[in-house]
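See below for query-v4.txt, which holds compact mmCIF, C-alpha atoms and all ligand atoms.
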# COMPACT_ATOMS: atom_id res chain seq x y z
CA MET A 1 -2.85 -30.94 6.47
CA SER A 2 -6.16 -31.66 8.18
CA SER A 3 -6.84 -35.39 7.68
CA ASN A 4 -10.30 -34.64 6.30
CA PRO A 5 -10.08 -31.70 3.91
CA ASP A 6 -13.89 -31.75 3.41
CA LEU A 7 -14.23 -30.54 6.98
CA LEU A 8 -13.31 -27.05 5.91
CA ALA A 9 -15.57 -26.90 2.83
CA ALA A 10 -17.00 -23.37 2.65
CA ILE A 11 -20.74 -22.89 2.35
CA PRO A 12 -21.31 -21.07 -0.96
CA GLU A 13 -24.68 -19.62 0.12
CA ARG A 14 -23.07 -17.90 3.10
CA CYS A 15 -20.29 -16.47 0.91
CA GLU A 16 -22.90 -15.25 -1.56
CA ALA A 17 -25.04 -13.63 1.14
CA ASP A 18 -22.00 -11.74 2.46
CA LEU A 19 -20.93 -10.60 -1.01
CA ILE A 20 -24.46 -9.39 -1.79
CA GLY A 21 -24.72 -7.67 1.61
CA LEU A 22 -21.50 -5.71 1.09
CA SER A 23 -22.27 -4.88 -2.55
CA ARG A 24 -25.51 -3.17 -1.50
CA ILE A 25 -23.40 -0.44 0.11
CA HIS A 26 -22.05 1.71 -2.69
CA ASP A 27 -22.23 5.21 -4.12
CA PRO A 28 -25.60 5.45 -5.91
CA ASP A 29 -24.35 8.35 -8.04
CA SER A 30 -21.38 6.49 -9.53
CA GLU A 31 -21.19 3.59 -11.91
CA GLY A 32 -20.68 0.04 -10.73
CA TRP A 33 -20.09 -0.71 -7.07
CA THR A 34 -18.13 2.38 -6.14
CA ARG A 35 -16.89 2.52 -2.54
CA THR A 36 -13.81 4.72 -2.56
CA VAL A 37 -11.73 5.31 0.55
CA PHE A 38 -12.96 8.14 2.86
CA SER A 39 -16.37 8.25 1.15
CA ASP A 40 -19.69 7.94 3.00
CA PRO A 41 -20.46 4.52 1.49
CA TYR A 42 -17.02 3.34 2.60
CA ARG A 43 -17.69 4.53 6.14
CA GLU A 44 -21.02 2.68 6.12
CA SER A 45 -19.51 -0.47 4.63
CA ARG A 46 -16.85 -0.61 7.32
CA GLU A 47 -19.47 -0.39 10.03
CA TRP A 48 -21.11 -3.33 8.24
CA ILE A 49 -17.82 -5.25 8.15
CA ARG A 50 -17.19 -4.56 11.82
CA ALA A 51 -20.65 -6.01 12.63
CA ARG A 52 -19.93 -9.10 10.47
CA MET A 53 -16.59 -9.57 12.26
CA ILE A 54 -18.41 -9.53 15.60
CA ASP A 55 -21.08 -11.93 14.22
CA VAL A 56 -18.46 -14.56 13.40
CA GLY A 57 -16.92 -14.25 16.85
CA LEU A 58 -13.97 -11.92 16.29
CA GLU A 59 -12.87 -9.29 18.80
CA VAL A 60 -12.59 -6.10 16.75
CA HIS A 61 -9.80 -3.60 17.37
CA PRO A 62 -9.42 -0.54 15.12
CA ASP A 63 -5.65 0.03 15.02
CA GLY A 64 -5.28 3.82 14.85
CA ALA A 65 -4.25 3.64 11.19
CA GLY A 66 -7.79 2.99 9.99
CA ASN A 67 -7.49 -0.78 9.68
CA LEU A 68 -10.23 -2.96 11.14
CA VAL A 69 -8.52 -5.81 12.93
CA GLY A 70 -10.65 -8.80 13.98
CA VAL A 71 -8.93 -11.20 16.37
CA LEU A 72 -9.77 -14.87 16.79
CA PRO A 73 -7.88 -15.77 19.96
CA GLY A 74 -5.70 -18.86 19.80
CA ARG A 75 -4.71 -21.24 22.57
CA ASN A 76 -1.31 -19.67 23.01
CA PRO A 77 -1.41 -15.86 23.37
CA ALA A 78 2.39 -15.73 23.37
CA ALA A 79 2.68 -17.29 19.89
CA SER A 80 3.17 -14.95 16.93
CA PRO A 81 -0.18 -14.44 15.20
CA LEU A 82 -1.27 -15.55 11.77
CA VAL A 83 -2.72 -12.83 9.57
CA THR A 84 -5.17 -12.82 6.67
CA GLY A 85 -7.38 -10.16 5.09
CA SER A 86 -7.69 -7.77 2.18
CA HIS A 87 -9.64 -4.57 1.49
CA THR A 88 -13.22 -3.43 0.94
CA ASP A 89 -12.67 -0.12 -0.85
CA THR A 90 -13.11 -0.15 -4.62
CA VAL A 91 -11.93 1.94 -7.54
CA ARG A 92 -14.51 4.34 -8.98
CA GLY A 93 -16.77 2.26 -11.23
CA GLY A 94 -15.33 -0.93 -9.74
CA GLY A 95 -16.81 -4.34 -9.07
CA ARG A 96 -18.00 -6.54 -6.23
CA PHE A 97 -15.12 -8.99 -5.82
CA ASP A 98 -11.75 -7.21 -5.80
CA GLY A 99 -10.75 -7.15 -2.12
CA ALA A 100 -14.19 -8.14 -0.82
CA VAL A 101 -13.49 -11.83 -1.49
CA GLY A 102 -10.40 -11.74 0.75
CA VAL A 103 -12.15 -10.08 3.69
CA LEU A 104 -15.46 -11.92 3.47
CA GLY A 105 -13.68 -15.19 2.60
CA ALA A 106 -11.61 -14.81 5.77
CA LEU A 107 -14.82 -14.39 7.79
CA GLU A 108 -16.20 -17.61 6.27
CA ALA A 109 -12.91 -19.35 7.13
CA VAL A 110 -13.34 -18.19 10.74
CA ARG A 111 -16.91 -19.56 10.79
CA LEU A 112 -15.62 -22.91 9.52
CA LEU A 113 -12.85 -23.10 12.13
CA ARG A 114 -15.24 -22.28 14.95
CA GLU A 115 -18.00 -24.62 13.77
CA HIS A 116 -15.54 -27.51 13.70
CA ASP A 117 -13.93 -26.58 17.03
CA LEU A 118 -10.61 -26.16 15.28
CA GLN A 119 -9.06 -23.69 17.70
CA LEU A 120 -5.73 -22.51 16.39
CA ASP A 121 -2.71 -22.33 18.60
CA ARG A 122 -1.95 -18.81 17.37
CA ASP A 123 -4.19 -15.77 17.35
CA LEU A 124 -5.65 -15.22 13.89
CA LEU A 125 -5.91 -11.58 12.79
CA VAL A 126 -8.43 -10.84 10.04
CA ILE A 127 -7.69 -7.36 8.70
CA ASP A 128 -9.83 -5.12 6.51
CA PHE A 129 -7.02 -2.79 5.43
CA LEU A 130 -7.82 0.89 4.91
CA GLY A 131 -7.83 2.19 1.33
CA GLU A 132 -5.94 -0.35 -0.78
CA GLU A 133 -6.82 1.20 -4.14
CA SER A 134 -4.59 3.95 -5.48
CA ASN A 135 -6.29 7.25 -4.63
CA GLU A 136 -6.20 10.93 -5.55
CA PHE A 137 -3.17 11.36 -3.27
CA GLY A 138 -1.25 8.90 -5.45
CA LEU A 139 -1.05 6.38 -2.63
CA SER A 140 -2.26 2.79 -2.56
CA CYS A 141 -2.47 0.33 0.33
CA MET A 142 -2.59 3.06 2.99
CA GLY A 143 -3.60 0.72 5.81
CA SER A 144 -1.06 -2.01 5.14
CA ARG A 145 1.69 0.57 4.51
CA ALA A 146 0.96 2.11 7.91
CA LEU A 147 0.92 -1.27 9.57
CA ALA A 148 4.32 -2.06 8.09
CA GLY A 149 5.70 1.35 9.15
CA GLU A 150 5.94 2.58 5.56
CA LEU A 151 3.61 5.58 5.88
CA SER A 152 5.43 8.82 6.69
CA ALA A 153 4.60 12.35 7.80
CA ALA A 154 5.50 13.42 4.25
CA ASP A 155 2.78 11.09 2.95
CA LEU A 156 0.23 12.79 5.20
CA ASP A 157 1.28 16.11 3.62
CA ARG A 158 0.46 14.87 0.11
CA GLN A 159 -2.27 16.94 -1.55
CA ASP A 160 -5.02 16.01 -3.97
CA HIS A 161 -5.79 18.24 -6.96
CA HIS A 162 -8.04 20.44 -4.77
CA GLY A 163 -5.08 21.08 -2.46
CA THR A 164 -6.54 18.99 0.40
CA ARG A 165 -3.92 17.29 2.59
CA LEU A 166 -4.13 13.55 3.08
CA GLY A 167 -3.83 14.08 6.86
CA ASP A 168 -6.94 16.28 6.75
CA ARG A 169 -8.86 13.60 4.85
CA TYR A 170 -7.99 11.10 7.57
CA ALA A 171 -9.22 13.59 10.19
CA ALA A 172 -12.47 14.28 8.31
CA PHE A 173 -13.05 10.52 8.22
CA GLY A 174 -12.64 10.37 12.00
CA ILE A 175 -9.08 8.99 12.10
CA ASP A 176 -6.62 11.13 14.05
CA PRO A 177 -3.65 11.66 11.68
CA SER A 178 -1.18 11.82 14.58
CA GLY A 179 -2.57 8.45 15.69
CA VAL A 180 -1.91 7.13 12.17
CA LEU A 181 1.76 7.97 12.50
CA ALA A 182 1.94 6.86 16.12
CA SER A 183 0.45 3.49 15.25
CA SER A 184 2.47 3.25 12.03
CA GLY A 185 4.46 0.07 12.28
CA TRP A 186 2.44 -1.33 15.20
CA ALA A 187 2.76 -4.79 13.72
CA LYS A 188 6.53 -4.55 14.09
CA THR A 189 6.07 -4.54 17.85
CA ARG A 190 4.59 -8.01 17.68
CA ALA A 191 6.29 -10.53 15.39
CA LEU A 192 3.79 -11.89 12.88
CA HIS A 193 3.96 -15.53 11.85
CA ARG A 194 2.60 -15.65 8.28
CA TYR A 195 0.33 -13.59 6.03
CA VAL A 196 -1.95 -15.20 3.46
CA GLU A 197 -4.50 -13.36 1.30
CA LEU A 198 -7.32 -14.68 -0.86
CA HIS A 199 -8.10 -12.52 -3.90
CA VAL A 200 -9.66 -12.68 -7.33
CA GLU A 201 -7.04 -13.00 -10.07
CA GLN A 202 -8.21 -9.88 -11.97
CA GLY A 203 -6.58 -11.25 -15.13
CA PRO A 204 -7.31 -14.06 -17.61
CA LEU A 205 -4.64 -16.71 -16.91
CA LEU A 206 -6.64 -19.09 -14.68
CA GLU A 207 -9.74 -18.97 -16.86
CA GLU A 208 -7.65 -19.60 -19.97
CA SER A 209 -6.12 -22.70 -18.37
CA GLY A 210 -9.44 -23.84 -16.88
CA VAL A 211 -7.82 -24.05 -13.43
CA PRO A 212 -9.81 -23.04 -10.31
CA ILE A 213 -6.92 -21.93 -8.07
CA GLY A 214 -3.80 -19.85 -8.66
CA VAL A 215 -0.93 -19.78 -6.21
CA VAL A 216 0.86 -16.44 -6.55
CA THR A 217 4.55 -16.49 -7.35
CA ALA A 218 5.25 -12.75 -7.05
CA ILE A 219 3.49 -9.40 -7.01
CA ALA A 220 4.58 -6.95 -9.66
CA GLY A 221 6.65 -3.87 -8.87
CA ILE A 222 5.16 -0.56 -10.03
CA GLU A 223 6.97 2.50 -11.39
CA ARG A 224 4.86 5.58 -12.15
CA ILE A 225 5.68 8.47 -14.50
CA LEU A 226 4.41 12.02 -14.32
CA ALA A 227 5.76 13.67 -17.46
CA THR A 228 5.24 17.33 -18.31
CA PHE A 229 5.55 18.24 -21.99
CA THR A 230 6.23 21.90 -22.60
CA GLY A 231 5.80 23.21 -26.14
CA ARG A 232 4.31 26.55 -27.22
CA PRO A 233 0.69 27.67 -27.42
CA ASP A 234 -0.12 29.26 -30.82
CA HIS A 235 -3.11 30.09 -33.00
CA ALA A 236 -4.45 26.77 -34.35
CA GLY A 237 -5.70 28.42 -37.53
CA THR A 238 -2.59 30.31 -38.52
CA MET A 239 0.57 28.63 -37.25
CA PRO A 240 1.90 26.42 -40.09
CA MET A 241 2.18 22.72 -39.23
CA GLY A 242 5.95 22.63 -39.59
CA ASP A 243 6.44 25.57 -37.21
CA ARG A 244 4.43 24.24 -34.28
CA ARG A 245 5.71 23.03 -30.92
CA ASP A 246 2.66 20.95 -30.14
CA ALA A 247 2.95 19.38 -26.67
CA LEU A 248 0.01 17.05 -27.22
CA VAL A 249 1.53 15.52 -30.37
CA ALA A 250 4.74 14.80 -28.42
CA ALA A 251 2.65 13.28 -25.61
CA ALA A 252 0.75 11.15 -28.14
CA GLU A 253 4.06 9.68 -29.32
CA ALA A 254 4.90 9.01 -25.67
CA VAL A 255 1.62 7.12 -25.15
CA LEU A 256 2.62 4.79 -28.00
CA ALA A 257 6.17 4.43 -26.66
CA VAL A 258 4.77 3.39 -23.26
CA ARG A 259 2.55 0.81 -24.92
CA GLN A 260 5.43 -0.50 -27.03
CA GLU A 261 7.56 -0.99 -23.91
CA GLY A 262 4.79 -3.07 -22.30
CA CYS A 263 4.33 -5.15 -25.45
CA GLY A 264 8.07 -5.89 -25.57
CA ALA A 265 8.43 -7.24 -22.03
CA PRO A 266 10.09 -10.67 -22.26
CA VAL A 267 8.77 -12.25 -19.04
CA HIS A 268 5.93 -10.30 -17.52
CA GLY A 269 5.36 -6.62 -17.93
CA VAL A 270 2.61 -4.14 -18.69
CA ALA A 271 2.65 -0.41 -19.33
CA THR A 272 -0.33 1.94 -19.28
CA THR A 273 -0.89 5.63 -19.87
CA SER A 274 -3.94 6.59 -17.84
CA GLN A 275 -4.20 10.35 -18.23
CA LEU A 276 -3.23 13.26 -20.47
CA VAL A 277 -4.19 16.77 -19.38
CA SER A 278 -3.71 19.28 -22.16
CA GLU A 279 -3.54 23.06 -21.74
CA PRO A 280 -4.99 25.43 -22.60
CA GLY A 281 -7.53 22.95 -23.99
CA SER A 282 -9.21 25.39 -26.38
CA PRO A 283 -10.15 24.08 -29.82
CA ASN A 284 -8.39 26.98 -31.52
CA VAL A 285 -5.07 26.86 -29.64
CA VAL A 286 -2.11 24.54 -30.29
CA PRO A 287 -1.55 22.68 -26.98
CA GLY A 288 1.34 24.31 -25.13
CA ARG A 289 1.56 22.05 -22.09
CA VAL A 290 0.52 18.47 -21.37
CA ARG A 291 0.76 16.45 -18.20
CA MET A 292 0.86 12.71 -18.70
CA GLN A 293 0.38 10.00 -16.08
CA ALA A 294 1.53 6.46 -16.81
CA GLU A 295 2.81 3.37 -15.04
CA MET A 296 4.78 0.19 -15.71
CA ARG A 297 4.51 -3.04 -13.77
CA SER A 298 6.51 -6.23 -13.79
CA VAL A 299 7.59 -9.12 -11.62
CA ASP A 300 10.99 -8.72 -13.30
CA PRO A 301 12.80 -5.84 -11.52
CA GLY A 302 15.60 -5.84 -14.12
CA TRP A 303 13.13 -5.21 -16.93
CA LEU A 304 11.39 -2.46 -14.93
CA SER A 305 14.55 -0.44 -14.40
CA GLU A 306 15.76 -0.95 -17.99
CA ALA A 307 12.33 -0.03 -19.39
CA GLN A 308 12.37 3.12 -17.25
CA ARG A 309 15.74 4.15 -18.71
CA ARG A 310 14.71 3.34 -22.31
CA LEU A 311 11.42 5.21 -22.03
CA THR A 312 13.00 8.34 -20.58
CA GLU A 313 15.43 8.43 -23.50
CA LYS A 314 12.89 7.64 -26.19
CA ILE A 315 10.20 10.07 -25.02
CA THR A 316 12.77 12.88 -24.69
CA LEU A 317 14.13 12.21 -28.18
CA GLN A 318 10.71 11.96 -29.81
CA ALA A 319 9.52 15.15 -28.13
CA SER A 320 12.59 17.09 -29.20
CA ALA A 321 11.70 16.34 -32.84
CA TYR A 322 8.55 18.45 -32.21
CA GLY A 323 10.44 21.19 -30.36
CA VAL A 324 8.93 20.04 -27.06
CA ASP A 325 10.79 19.70 -23.73
CA VAL A 326 9.93 16.97 -21.22
CA ASP A 327 10.33 16.87 -17.44
CA PHE A 328 10.00 13.49 -15.75
CA GLU A 329 8.98 12.69 -12.21
CA TRP A 330 9.33 8.96 -11.65
CA SER A 331 7.79 7.56 -8.53
CA HIS A 332 8.13 4.16 -7.12
CA ASP A 333 4.83 2.71 -5.87
CA ASN A 334 6.05 -0.65 -4.71
CA GLU A 335 8.86 -3.08 -5.34
CA CYS A 336 8.35 -6.44 -6.96
CA ARG A 337 7.62 -8.81 -4.08
CA PRO A 338 8.09 -12.57 -4.48
CA ALA A 339 5.80 -14.79 -2.39
CA SER A 340 7.48 -16.86 0.31
CA PRO A 341 8.40 -20.30 -1.11
CA SER A 342 7.27 -21.99 2.10
CA VAL A 343 3.82 -20.32 2.14
CA HIS A 344 3.51 -21.07 -1.59
CA GLN A 345 4.27 -24.70 -0.80
CA THR A 346 1.70 -24.83 2.03
CA ILE A 347 -1.03 -23.38 -0.20
CA SER A 348 -0.24 -25.72 -3.10
CA SER A 349 -0.23 -28.79 -0.81
CA ALA A 350 -3.66 -27.73 0.49
CA VAL A 351 -4.97 -27.59 -3.09
CA ASP A 352 -3.31 -30.92 -3.94
CA SER A 353 -4.98 -32.58 -0.99
CA LEU A 354 -8.34 -31.49 -2.41
CA GLY A 355 -7.43 -33.24 -5.67
CA ILE A 356 -7.95 -30.14 -7.77
CA ALA A 357 -5.70 -28.39 -10.24
CA TRP A 358 -3.76 -25.22 -9.49
CA GLU A 359 -1.29 -23.13 -11.37
CA PRO A 360 1.51 -20.76 -10.28
CA VAL A 361 0.58 -17.21 -11.36
CA PRO A 362 2.23 -13.79 -11.16
CA SER A 363 0.13 -10.89 -9.88
CA GLY A 364 0.09 -7.81 -12.08
CA ALA A 365 -2.26 -6.14 -9.58
CA THR A 366 -0.82 -4.87 -6.36
CA HIS A 367 -2.07 -6.00 -2.97
CA ASP A 368 -1.80 -5.34 0.75
CA ALA A 369 0.32 -8.51 0.73
CA VAL A 370 3.22 -6.47 -0.74
CA HIS A 371 3.50 -4.51 2.51
CA MET A 372 2.69 -7.42 4.80
CA ALA A 373 5.63 -9.23 3.22
CA ARG A 374 7.87 -6.72 5.01
CA LEU A 375 6.68 -8.16 8.29
CA CYS A 376 6.49 -11.91 7.74
CA PRO A 377 6.49 -14.59 4.99
CA MET A 378 3.58 -13.94 2.61
CA GLY A 379 1.48 -15.93 0.15
CA MET A 380 -1.63 -15.38 -1.94
CA ILE A 381 -4.43 -17.57 -3.28
CA PHE A 382 -6.18 -16.50 -6.50
CA VAL A 383 -9.54 -17.58 -7.91
CA PRO A 384 -10.46 -16.98 -11.58
CA SER A 385 -11.96 -13.73 -12.85
CA GLN A 386 -14.46 -14.12 -15.67
CA GLY A 387 -12.98 -12.83 -18.92
CA GLY A 388 -10.01 -11.58 -16.88
CA ARG A 389 -12.07 -8.44 -16.16
CA SER A 390 -11.56 -6.32 -13.05
CA HIS A 391 -11.78 -2.68 -11.90
CA CYS A 392 -15.03 -2.49 -13.85
CA PRO A 393 -18.70 -3.17 -13.03
CA GLU A 394 -18.58 -6.46 -15.00
CA GLU A 395 -15.97 -7.96 -12.65
CA TRP A 396 -17.22 -11.47 -11.80
CA SER A 397 -15.98 -14.64 -10.14
CA GLU A 398 -17.99 -17.86 -9.85
CA LEU A 399 -19.31 -18.68 -6.40
CA ASP A 400 -17.95 -22.25 -6.59
CA HIS A 401 -14.47 -20.90 -7.25
CA ILE A 402 -14.77 -18.46 -4.36
CA ALA A 403 -15.92 -21.26 -2.04
CA THR A 404 -12.95 -23.39 -3.13
CA GLY A 405 -10.64 -20.44 -2.50
CA VAL A 406 -12.06 -20.04 1.01
CA GLN A 407 -11.56 -23.74 1.70
CA VAL A 408 -7.94 -23.50 0.56
CA LEU A 409 -7.50 -20.42 2.76
CA ALA A 410 -8.92 -22.18 5.81
CA MET A 411 -6.78 -25.29 5.21
CA THR A 412 -3.70 -23.13 4.68
CA LEU A 413 -4.31 -21.26 7.94
CA VAL A 414 -4.63 -24.54 9.85
CA GLU A 415 -1.39 -25.78 8.35
CA LEU A 416 0.54 -22.53 8.85
CA ASP A 417 -0.60 -22.48 12.47
CA ARG A 418 1.43 -25.66 12.99
CA THR A 419 4.67 -24.46 11.44
CA THR A 420 7.05 -23.35 14.11
CA ASP A 421 9.96 -21.53 12.43
C1 LIG B 1 -4.86 -2.29 -7.30
O1 LIG B 1 -5.78 -3.01 -7.58
C2 LIG B 1 -3.78 -2.09 -8.24
O2 LIG B 1 -3.24 -3.10 -8.72
O3 LIG B 1 -3.44 -0.94 -8.55
MN MN B 2 -7.56 -5.76 -4.58
MN MN B 3 -8.12 -3.19 -7.11
Could I get this structure in the form of structure tokens?
Amino acid sequence: MSSNPDLLAAIPERCEADLIGLSRIHDPDSEGWTRTVFSDPYRESREWIRARMIDVGLEVHPDGAGNLVGVLPGRNPAASPLVTGSHTDTVRGGGRFDGAVGVLGALEAVRLLREHDLQLDRDLLVIDFLGEESNEFGLSCMGSRALAGELSAADLDRQDHHGTRLGDRYAAFGIDPSGVLASSGWAKTRALHRYVELHVEQGPLLEESGVPIGVVTAIAGIERILATFTGRPDHAGTMPMGDRRDALVAAAEAVLAVRQEGCGAPVHGVATTSQLVSEPGSPNVVPGRVRMQAEMRSVDPGWLSEAQRRLTEKITLQASAYGVDVDFEWSHDNECRPASPSVHQTISSAVDSLGIAWEPVPSGATHDAVHMARLCPMGMIFVPSQGGRSHCPEEWSELDHIATGVQVLAMTLVELDRTTD
């Protein structure tokens, strides 16, 4: 570790100015700080990020898959590069910190390295990954998936509920979809050394323990359910209660079953139903068909697969008691991904050398780090989220915590630069 950790102390005012600058670019017609992928505000914000990358001295290379890659050249161009970054898209009605802290924090880390003439041996890549948040095509982490070679032609054929193809959305945003596939997996052509990402925790654990830094142990796997309940539409005024095949009542039982599964997870697990679409949706008709969208997450893959089996059985059984059939489409968003023990160790030693407390934490949120872990050892640094709130306008992290997170990131990068394996 750098003999004088104070050397890499981040300047909170600069971090704040960057966060405010980015937060000004958002959709004025939506709540919060909305900047969804492929939107006009997102396009504008990425131009802004590109300019900030150039300001701090990075050479910017768009990669064909929509990622903005800023390169800080190291002394040894033949050495495998270090990578950091995150995303600057938000969920609809989202906040100012999720993703932004990792990209803007990396830019502050670059400023610190350059100001102190700490040239790394390796190239440092700072990546603003395209579209990390799950979108209307049911895909999250599009940029990091592509970079890891996990985005396929079939993905580009996915359609949103208006029937628009994902490939056409790329094209309308100015990214050639054939280029996306051609550049898919570009990072595999150049061995990467380590990936480390700074992010807000988005949950309550660090705040509850009063600890300013979390070192991520693993990122949760995600299994998604699309269940279709088929009952029978009937007159809501005349069909007796006992004779109905009400699809929405069966789906309501399923919502509770999903919640119960999440509440029963022994180690770490959550389960959420996010949408029920009932047809025909008229006040005077018994619902005949319902589509339900839900997901389960856990850092315990055994629990995830068992919970999937239990839920399928339970929902089917409960629905049959109402005369309702259920079809399931399970989709796998990402596997549970443990952090690399050696990167975890490097991050925690950096925090120890600052004499501050840290805690190992699981990540229930998913991150670009999941896909980067396919390419090289990965680790993540978390800073507390006030009230554990995230994906909402109230999302907030204290500037002092963010500055500490940036310092830990910069120290970690310096240390990882030296490791040779
Ligand atoms: C992204 O924030 C996710 O966890 O879905
Ligand atoms: Mn995020
Ligand atoms: Mn998010």
| Within 12 Å of ligand MN 2 (chain B), counting only C-alpha atoms and all ligand atoms: which residues, as a VMD selection string? | chain A and resid 85 to 91 94 to 103 128 to 134 140 to 141 197 to 203 219 363 to 370 380 382 390 to 391 395
| Selection near Gly214 of chain A, 7 Å with all atoms listed in the file, sequence-local residues under 3 positions removed, as a VMD selection string | chain A and resid 206 358 to 361 381 to 383
| message | Applying 10 Å and only C-alpha atoms, which residues near segment 276-292 of chain A remain after dropping the ones on its own chain fewer than 6 positions away? List them as number ranges by chain. | response | A: 225-239, 244-252, 254-255, 324-328
| field | Using only C-alpha atoms: which of A:Glu335, A:Asp6, A:Glu329, A:Glu398 has the shortest distance to Arg297 of chain A | value |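 The answer is A:Glu335, which sits nearest to Arg297 of chain A.
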Each side padded by 6 Å, which centre and which edge lengths in Å (one decimal) define the axis-aligned box around the listed atoms of ligand LIG 1 (chain B)? Give them as AutoDock Vina command-line options.
--center_x -4.5 --center_y -2.0 --center_z -8.0 --size_x 14.5 --size_y 14.2 --size_z 13.4
